[in-house]
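Shown next: structure15.tsv, given as TSV, C-alpha atoms (C1' of nucleotides).
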```tsv
chain	number	residue	atom	x	y	z
A	57	MET	CA	40.74	16.90	-10.95
A	58	ARG	CA	37.81	15.09	-12.56
A	59	LEU	CA	34.39	15.28	-10.89
A	60	ALA	CA	31.24	13.41	-11.93
A	61	THR	CA	27.64	12.73	-11.04
A	62	TRP	CA	25.63	9.63	-11.95
A	63	ASN	CA	22.15	8.43	-11.06
A	64	VAL	CA	22.74	4.66	-11.26
A	65	ASN	CA	19.10	3.58	-10.71
A	66	SER	CA	19.97	0.84	-8.19
A	67	LEU	CA	23.59	0.15	-7.33
A	68	LYS	CA	22.71	-3.52	-6.82
A	69	ALA	CA	21.52	-3.78	-10.41
A	70	ARG	CA	24.34	-1.55	-11.68
A	71	GLN	CA	27.44	-2.64	-9.74
A	72	ASP	CA	29.12	-4.27	-12.76
A	73	ARG	CA	28.49	-1.20	-14.93
A	74	VAL	CA	29.76	1.09	-12.17
A	75	ASP	CA	32.93	-0.99	-11.73
A	76	GLU	CA	33.51	-0.96	-15.50
A	77	TRP	CA	32.91	2.82	-15.63
A	78	LEU	CA	35.31	3.54	-12.77
A	79	GLY	CA	37.88	1.47	-14.64
A	80	TYR	CA	37.92	3.70	-17.71
A	81	CYS	CA	36.83	7.19	-16.68
A	82	ASP	CA	39.75	8.18	-14.40
A	83	VAL	CA	37.42	10.13	-12.11
A	84	ASP	CA	38.53	11.57	-8.74
A	85	VAL	CA	35.20	12.40	-7.10
A	86	VAL	CA	31.80	10.85	-7.92
A	87	CYS	CA	28.33	11.73	-6.67
A	88	LEU	CA	25.97	8.74	-6.96
A	89	GLN	CA	22.19	8.76	-6.67
A	90	GLU	CA	19.45	6.13	-6.37
A	91	THR	CA	21.63	3.44	-4.82
A	92	LYS	CA	18.35	1.88	-3.55
A	93	MET	CA	20.41	0.27	-0.83
A	94	ALA	CA	20.44	0.10	2.99
A	95	ASN	CA	23.54	1.53	4.66
A	96	GLU	CA	24.75	-1.88	5.81
A	97	GLN	CA	24.58	-3.19	2.22
A	98	PHE	CA	26.73	-0.44	0.71
A	99	PRO	CA	29.94	-1.91	-0.81
A	100	HIS	CA	32.51	0.37	0.87
A	101	ASP	CA	35.14	-2.41	0.68
A	102	ARG	CA	34.55	-3.01	-3.02
A	103	PHE	CA	34.99	0.67	-3.79
A	104	MET	CA	38.09	0.80	-1.59
A	105	ASP	CA	39.55	-2.05	-3.65
A	106	LEU	CA	38.93	0.12	-6.73
A	107	GLY	CA	40.73	3.04	-5.08
A	108	TYR	CA	37.82	5.04	-3.66
A	109	HIS	CA	36.82	6.14	-0.20
A	110	SER	CA	33.03	6.32	0.12
A	111	VAL	CA	30.21	7.74	2.21
A	112	HIS	CA	26.57	6.74	1.79
A	113	VAL	CA	23.14	7.39	3.19
A	114	GLY	CA	20.43	4.91	2.24
A	115	GLU	CA	17.12	3.51	3.35
A	116	GLY	CA	16.81	0.29	1.35
A	117	ARG	CA	14.20	0.17	-1.34
A	118	TRP	CA	14.22	3.74	-2.63
A	119	ASN	CA	16.53	6.75	-2.92
A	120	GLY	CA	20.03	6.56	-1.44
A	121	VAL	CA	22.99	8.84	-2.26
A	122	ALA	CA	26.75	8.46	-2.00
A	123	ILE	CA	30.06	10.18	-2.64
A	124	LEU	CA	33.17	8.35	-3.81
A	125	SER	CA	36.59	9.99	-3.73
A	126	ARG	CA	40.22	9.03	-4.23
A	127	GLU	CA	40.96	11.29	-1.24
A	128	PRO	CA	39.50	10.79	2.25
A	129	LEU	CA	36.04	12.22	2.95
A	130	ASP	CA	35.58	14.37	6.05
A	131	ASP	CA	32.91	16.48	7.79
A	132	VAL	CA	30.05	14.26	6.63
A	133	HIS	CA	26.41	15.42	6.84
A	134	HIS	CA	23.86	12.66	6.20
A	135	SER	CA	20.87	14.99	5.86
A	136	PHE	CA	20.00	18.69	5.91
A	137	ALA	CA	22.12	20.85	8.20
A	138	ASP	CA	19.50	23.61	8.31
A	139	GLY	CA	18.62	22.91	11.95
A	140	LEU	CA	15.12	21.64	11.14
A	141	ASP	CA	13.85	18.05	11.33
A	142	PRO	CA	15.83	15.55	9.22
A	143	ASP	CA	14.36	14.57	5.86
A	144	GLN	CA	12.41	11.30	5.97
A	145	GLU	CA	14.17	10.16	2.79
A	146	ALA	CA	17.84	9.52	1.94
A	147	ARG	CA	18.35	12.22	-0.68
A	148	LEU	CA	21.40	14.24	0.34
A	149	ILE	CA	24.91	13.69	1.62
A	150	THR	CA	27.69	16.23	2.08
A	151	ALA	CA	31.40	15.70	2.70
A	152	THR	CA	34.64	17.57	2.20
A	153	THR	CA	37.26	15.93	0.01
A	154	ALA	CA	40.34	17.23	-1.80
A	155	GLY	CA	39.48	20.67	-0.46
A	156	VAL	CA	36.01	20.71	-2.04
A	157	CYS	CA	32.72	20.74	-0.13
A	158	VAL	CA	30.78	18.12	-2.13
A	159	THR	CA	27.04	17.42	-1.88
A	160	SER	CA	25.33	14.57	-3.72
A	161	VAL	CA	21.61	15.23	-4.19
A	162	TYR	CA	18.62	13.24	-5.37
A	163	VAL	CA	15.90	15.86	-5.64
A	164	PRO	CA	12.33	14.50	-5.32
A	165	ASN	CA	10.72	13.78	-8.70
A	166	GLY	CA	7.50	15.68	-7.97
A	167	ARG	CA	5.36	13.19	-9.92
A	168	ALA	CA	2.71	15.75	-11.06
A	169	VAL	CA	2.18	19.46	-10.44
A	170	ASP	CA	-1.06	18.78	-8.56
A	171	ASP	CA	0.56	16.07	-6.38
A	172	ASP	CA	1.68	16.64	-2.79
A	173	HIS	CA	5.05	15.23	-3.87
A	174	TYR	CA	5.51	18.34	-6.04
A	175	LYS	CA	5.08	20.54	-2.94
A	176	TYR	CA	7.61	18.31	-1.16
A	177	LYS	CA	9.99	18.83	-4.09
A	178	LEU	CA	9.77	22.64	-3.92
A	179	ALA	CA	10.19	22.63	-0.14
A	180	TRP	CA	13.12	20.23	-0.50
A	181	LEU	CA	14.87	22.56	-2.96
A	182	ASP	CA	14.40	25.47	-0.54
A	183	ARG	CA	15.95	23.37	2.23
A	184	LEU	CA	18.83	22.48	-0.09
A	185	HIS	CA	19.63	26.20	-0.42
A	186	ASP	CA	19.64	26.62	3.35
A	187	HIS	CA	21.70	23.45	3.78
A	188	ILE	CA	24.40	24.66	1.39
A	189	ASP	CA	24.42	28.03	3.12
A	190	ALA	CA	24.91	26.24	6.44
A	191	VAL	CA	27.79	24.00	5.37
A	192	ALA	CA	29.73	26.24	2.94
A	193	ALA	CA	30.44	29.78	1.83
A	194	PRO	CA	30.29	31.00	-1.79
A	195	SER	CA	34.02	31.79	-1.62
A	196	ASN	CA	34.81	28.09	-0.93
A	197	ASP	CA	35.27	25.35	-3.51
A	198	VAL	CA	31.70	24.01	-3.53
A	199	LEU	CA	30.12	21.30	-5.69
A	200	VAL	CA	26.44	20.41	-5.51
A	201	ALA	CA	25.85	17.60	-7.97
A	202	GLY	CA	23.16	15.08	-8.67
A	203	ASP	CA	19.77	14.33	-10.15
A	204	PHE	CA	17.90	17.61	-9.72
A	205	ASN	CA	14.79	16.39	-11.56
A	206	VAL	CA	14.61	19.91	-13.02
A	207	ALA	CA	15.49	20.88	-16.59
A	208	PRO	CA	17.00	24.34	-16.09
A	209	ALA	CA	15.75	25.79	-19.40
A	210	ASP	CA	13.76	24.83	-22.48
A	211	ILE	CA	17.00	23.96	-24.28
A	212	ASP	CA	17.37	21.12	-21.76
A	213	VAL	CA	14.35	19.13	-23.01
A	214	TRP	CA	13.91	17.40	-26.37
A	215	ASP	CA	10.47	18.85	-27.13
A	216	THR	CA	8.80	21.50	-25.00
A	217	THR	CA	5.37	20.50	-26.32
A	218	LYS	CA	5.90	17.02	-24.82
A	219	THR	CA	7.04	18.24	-21.41
A	220	SER	CA	4.66	21.21	-21.06
A	221	GLY	CA	2.29	20.92	-18.12
A	222	GLY	CA	4.44	18.39	-16.33
A	223	THR	CA	7.01	18.59	-13.58
A	224	HIS	CA	10.73	19.28	-14.25
A	225	VAL	CA	10.04	22.42	-16.34
A	226	THR	CA	7.78	24.61	-14.19
A	227	LYS	CA	8.68	28.14	-13.14
A	228	PRO	CA	8.71	27.38	-9.39
A	229	GLU	CA	11.19	24.53	-9.95
A	230	ARG	CA	13.41	26.74	-12.11
A	231	ASP	CA	13.07	29.59	-9.61
A	232	ALA	CA	14.39	27.21	-6.94
A	233	LEU	CA	17.48	26.58	-9.09
A	234	ALA	CA	17.83	30.35	-9.60
A	235	ARG	CA	17.97	30.74	-5.82
A	236	LEU	CA	20.99	28.41	-5.79
A	237	TYR	CA	22.54	30.46	-8.62
A	238	ASP	CA	21.93	33.64	-6.59
A	239	TRP	CA	23.80	32.02	-3.69
A	240	GLY	CA	26.84	31.68	-5.95
A	241	LEU	CA	26.50	28.41	-7.81
A	242	THR	CA	26.69	27.92	-11.59
A	243	ASP	CA	25.27	25.21	-13.86
A	244	VAL	CA	28.80	24.62	-15.11
A	245	PHE	CA	27.95	22.28	-18.02
A	246	ARG	CA	26.31	25.22	-19.81
A	247	GLU	CA	29.50	27.27	-19.42
A	248	HIS	CA	31.11	24.74	-21.77
A	249	HIS	CA	28.18	23.83	-24.08
A	250	GLN	CA	25.46	26.13	-25.40
A	251	GLU	CA	23.97	23.86	-28.06
A	252	PRO	CA	20.59	22.07	-27.73
A	253	GLY	CA	20.10	18.31	-27.74
A	254	LEU	CA	22.46	17.51	-24.87
A	255	PHE	CA	20.71	15.42	-22.22
A	256	SER	CA	21.56	13.23	-19.23
A	257	TRP	CA	18.37	11.18	-18.86
A	258	TRP	CA	16.29	9.23	-21.38
A	259	ASP	CA	13.17	7.20	-20.65
A	260	TYR	CA	13.72	3.44	-20.97
A	261	ARG	CA	10.56	3.23	-23.07
A	262	GLY	CA	10.16	3.63	-26.76
A	263	GLY	CA	13.82	3.82	-27.70
A	264	ALA	CA	14.02	7.37	-26.35
A	265	PHE	CA	17.81	7.25	-26.06
A	266	HIS	CA	18.32	6.34	-29.70
A	267	LYS	CA	15.76	8.94	-30.78
A	268	ARG	CA	17.68	11.49	-28.67
A	269	GLU	CA	14.53	12.28	-26.70
A	270	GLY	CA	15.74	13.14	-23.22
A	271	MET	CA	16.21	15.84	-20.63
A	272	ARG	CA	19.27	17.37	-18.97
A	273	ILE	CA	18.36	17.03	-15.31
A	274	ASP	CA	21.67	15.80	-13.85
A	275	LEU	CA	23.60	18.92	-12.95
A	276	LEU	CA	26.92	19.95	-11.47
A	277	LEU	CA	26.54	23.27	-9.67
A	278	THR	CA	29.89	24.86	-8.85
A	279	SER	CA	30.99	27.87	-6.86
A	280	THR	CA	32.89	30.63	-8.69
A	281	SER	CA	36.37	29.31	-7.91
A	282	LEU	CA	35.56	25.88	-9.37
A	283	THR	CA	33.64	27.31	-12.32
A	284	GLU	CA	36.58	29.52	-13.26
A	285	ALA	CA	39.03	26.59	-12.97
A	286	SER	CA	36.82	24.25	-15.00
A	287	THR	CA	38.16	23.25	-18.41
A	288	PHE	CA	35.87	20.53	-19.76
A	289	SER	CA	32.44	19.00	-19.24
A	290	LEU	CA	30.87	15.98	-20.91
A	291	VAL	CA	27.84	13.69	-20.83
A	292	ASP	CA	29.20	10.14	-20.96
A	293	ARG	CA	26.69	8.65	-23.42
A	294	THR	CA	28.74	5.42	-23.56
A	295	ALA	CA	27.52	4.53	-20.08
A	296	ARG	CA	23.88	4.79	-21.29
A	297	LYS	CA	24.52	2.20	-24.03
A	298	GLY	CA	25.03	-1.56	-23.92
A	299	LYS	CA	23.72	-4.11	-21.44
A	300	LEU	CA	21.61	-3.11	-18.45
A	301	PRO	CA	22.31	0.64	-18.44
A	302	SER	CA	20.87	3.12	-15.97
A	303	ASP	CA	18.35	5.48	-17.55
A	304	HIS	CA	20.77	8.31	-16.66
A	305	ALA	CA	24.23	8.96	-18.10
A	306	PRO	CA	27.11	10.27	-15.98
A	307	VAL	CA	28.15	13.89	-16.38
A	308	PHE	CA	31.82	14.85	-15.99
A	309	LEU	CA	33.57	18.06	-15.07
A	310	ASP	CA	37.32	18.62	-15.26
A	311	VAL	CA	38.92	21.26	-13.06
A	312	THR	CA	42.51	22.24	-13.76
A	313	ARG	CA	44.68	24.42	-11.57
B	116	DA	C1'	-2.46	-0.04	-32.50
B	117	DT	C1'	-3.51	5.12	-27.48
B	118	DG	C1'	1.22	0.85	-25.34
B	119	DG	C1'	5.91	0.75	-25.45
B	120	DT	C1'	10.74	-0.17	-19.71
B	121	DC	C1'	12.96	-0.77	-15.87
B	122	DG	C1'	13.74	-1.44	-10.56
B	123	DT	C1'	11.77	-2.65	-6.26
B	124	DC	C1'	10.38	-7.65	-5.37
B	125	DC	C1'	5.51	-10.88	-6.81
B	126	DA	C1'	1.66	-6.65	-6.58
B	127	DA	C1'	1.62	-2.59	-7.86
B	128	DC	C1'	4.01	1.47	-7.68
B	129	DG	C1'	7.65	4.88	-8.67
B	130	DA	C1'	10.44	7.01	-12.25
```
Let me see whether you can do it: turn the structure in this file into structure tokens.
Amino acid sequence: MRLATWNVNSLKARQDRVDEWLGYCDVDVVCLQETKMANEQFPHDRFMDLGYHSVHVGEGRWNGVAILSREPLDDVHHSFADGLDPDQEARLITATTAGVCVTSVYVPNGRAVDDDHYKYKLAWLDRLHDHIDAVAAPSNDVLVAGDFNVAPADIDVWDTTKTSGGTHVTKPERDALARLYDWGLTDVFREHHQEPGLFSWWDYRGGAFHKREGMRIDLLLTSTSLTEASTFSLVDRTARKGKLPSDHAPVFLDVTR
DNA sequence: ATGGTCGTCCAACGA
């Protein structure tokens, strides 16, 4: 089984690239982020024609997350299942497919460490932990994948002097990831690659992609059973090249049983 | 030379 996550930075602007990508990557389950689309606009029929069931939660102009799967998607949660008020923004969707509890996440950016949005980001990550705990158990097959807007370690940024003092690399953000690890999830890409210089996002400006100046902020977190069955993980740099790319590349994970 | 690009949609703002 091949799993993937991709922040497409507007599905409207990216539909042709997404269709092309689905045509070559032979993926079974995809978590999408930043569809920037209202629910009634989401192209369920188009994805069905390409062989994928889909679930989506969107709000229109910003955010929006989806899951595509070759198998049906059941037990859908369109926001946090922690029993508190629903999130104002469309940043999380959970469904069960092919025996895996899959959650697609678009973690708030945070903007700046002195911004209220950074507080929202930390609170959101805490709620994500409680959500996962509510919908799954560590002994299940669990995938939490998406744009976390957190670089898990210094190896995940191109130059720590350039990112120091900003969001994405602070201790509270990384501590929030550690809480998910403590629950039983693993940043599975790093189980397969230990070398530096492997990123999933590059700023559109200044030729950052070609200078290899990026961050690895798109993560697949897997429970132990999936981690142990995983055989291969890859950043699909091809999808970041060419005409009208997203600023994020997809990340793949293969699980073989 | 102190910006540099996109996407949302036409003015800025978010990333």
Test item: which residues lie within 8 Å of (32.8, 13.1, 4.6) counting only C-alpha atoms (C1' of nucleotides), as a VMD selection string: chain A and resid 111 128 to 133 150 to 153
Taking only C-alpha atoms (C1' of nucleotides) into account, what are the residues of chain B at most 9 Å from chain A, put as a ChimeraX atom specification? /B:119-123,129-130
Centre and edge lengths, as lines of an AutoDock Vina configuration file, for the axis-aligned box enclosing every listed atom of range 62-70 of chain A with 8 Å of padding on each of the six sides, in Å to one decimal?
```
center_x = 22.4
center_y = 2.9
center_z = -9.4
size_x = 22.5
size_y = 29.4
size_z = 21.1
```
With all atoms listed in the file as the counted atoms, please give the residues lying no more than 7 Å from Leu199 in chain A, apart from itself and same-chain residues fewer than 5 positions off, as a PyMOL selection string. chain A and resi 156-159+276-279
Would you save the residues of that selection, restricted to C-alpha atoms, as a PDB file, keeping the file's coordinate frame?
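Output file selection.pdb is given in full below:
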```
ATOM      1  CA  VAL A 156      36.010  20.710  -2.040  1.00  0.00           C
ATOM      2  CA  CYS A 157      32.720  20.740  -0.130  1.00  0.00           C
ATOM      3  CA  VAL A 158      30.780  18.120  -2.130  1.00  0.00           C
ATOM      4  CA  THR A 159      27.040  17.420  -1.880  1.00  0.00           C
ATOM      5  CA  LEU A 276      26.920  19.950 -11.470  1.00  0.00           C
ATOM      6  CA  LEU A 277      26.540  23.270  -9.670  1.00  0.00           C
ATOM      7  CA  THR A 278      29.890  24.860  -8.850  1.00  0.00           C
ATOM      8  CA  SER A 279      30.990  27.870  -6.860  1.00  0.00           C
TER       9      SER A 279
END
```
List the spatial neighbours of Leu140 in chain A as a PDB file with C-alpha atoms, keeping the file's coordinate frame - criterion: any atom at most 12 Å away, all atoms listed in the file, same-chain residues fewer than 3 positions off excluded.
```pdb
ATOM      1  CA  SER A 135      20.870  14.990   5.860  1.00  0.00           C
ATOM      2  CA  PHE A 136      20.000  18.690   5.910  1.00  0.00           C
ATOM      3  CA  ALA A 137      22.120  20.850   8.200  1.00  0.00           C
ATOM      4  CA  ASP A 143      14.360  14.570   5.860  1.00  0.00           C
ATOM      5  CA  GLN A 144      12.410  11.300   5.970  1.00  0.00           C
ATOM      6  CA  TRP A 180      13.120  20.230  -0.500  1.00  0.00           C
ATOM      7  CA  ARG A 183      15.950  23.370   2.230  1.00  0.00           C
ATOM      8  CA  LEU A 184      18.830  22.480  -0.090  1.00  0.00           C
ATOM      9  CA  ASP A 186      19.640  26.620   3.350  1.00  0.00           C
ATOM     10  CA  HIS A 187      21.700  23.450   3.780  1.00  0.00           C
ATOM     11  CA  ALA A 190      24.910  26.240   6.440  1.00  0.00           C
TER      12      ALA A 190
END
```
Give me, please, the distance in Å between CA of Glu115 in chain A and CA of Leu59 in chain A, quoted to one decimal.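 Interatomic distance here is 25.3 Å.
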Ref. answer, residues at most 12 Å from (37.8, 11.5, -6.8) with all atoms listed in the file, as a PyMOL selection string: chain A and resi 57-61+78+81-87+103-104+106-110+123-129+152-156+158+308-311
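With distances restricted to all atoms listed in the file, A:His185 is the closest residue to Asp138 in chain A from A:Lys297, A:Arg70, A:Arg102, A:His185.
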Between CA of Trp258 in chain A and CA of Thr223 in chain A, what is the spacing in Å?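 So the two atoms, CA of Thr223 in chain A and CA of Trp258 in chain A, lie 15.3 Å apart.
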Can you tell me how far CA of His173 in chain A sits from CA of Glu145 in chain A, in Å to one decimal?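 These two atoms are separated by 12.4 Å.
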Residues within 10 Å of Val213 in chain A, only C-alpha atoms (C1' of nucleotides), excluding chain neighbours under 6 positions, as a PyMOL selection string: chain A and resi 207+219+224-225+252-255+257+269-273
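In terms of minimum interatomic distance to Leu178 in chain A, A:Thr226 ranks closest within A:Asn196, A:Thr226, A:Ser286, A:Thr280, counting all atoms listed in the file.
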For Tyr80 in chain A, find every residue with an atom within 12 Å (counting only C-alpha atoms (C1' of nucleotides)), except residues of its own chain fewer than 6 positions away, and show them as a ChimeraX atom specification. /A:73-74,106,292,294-295
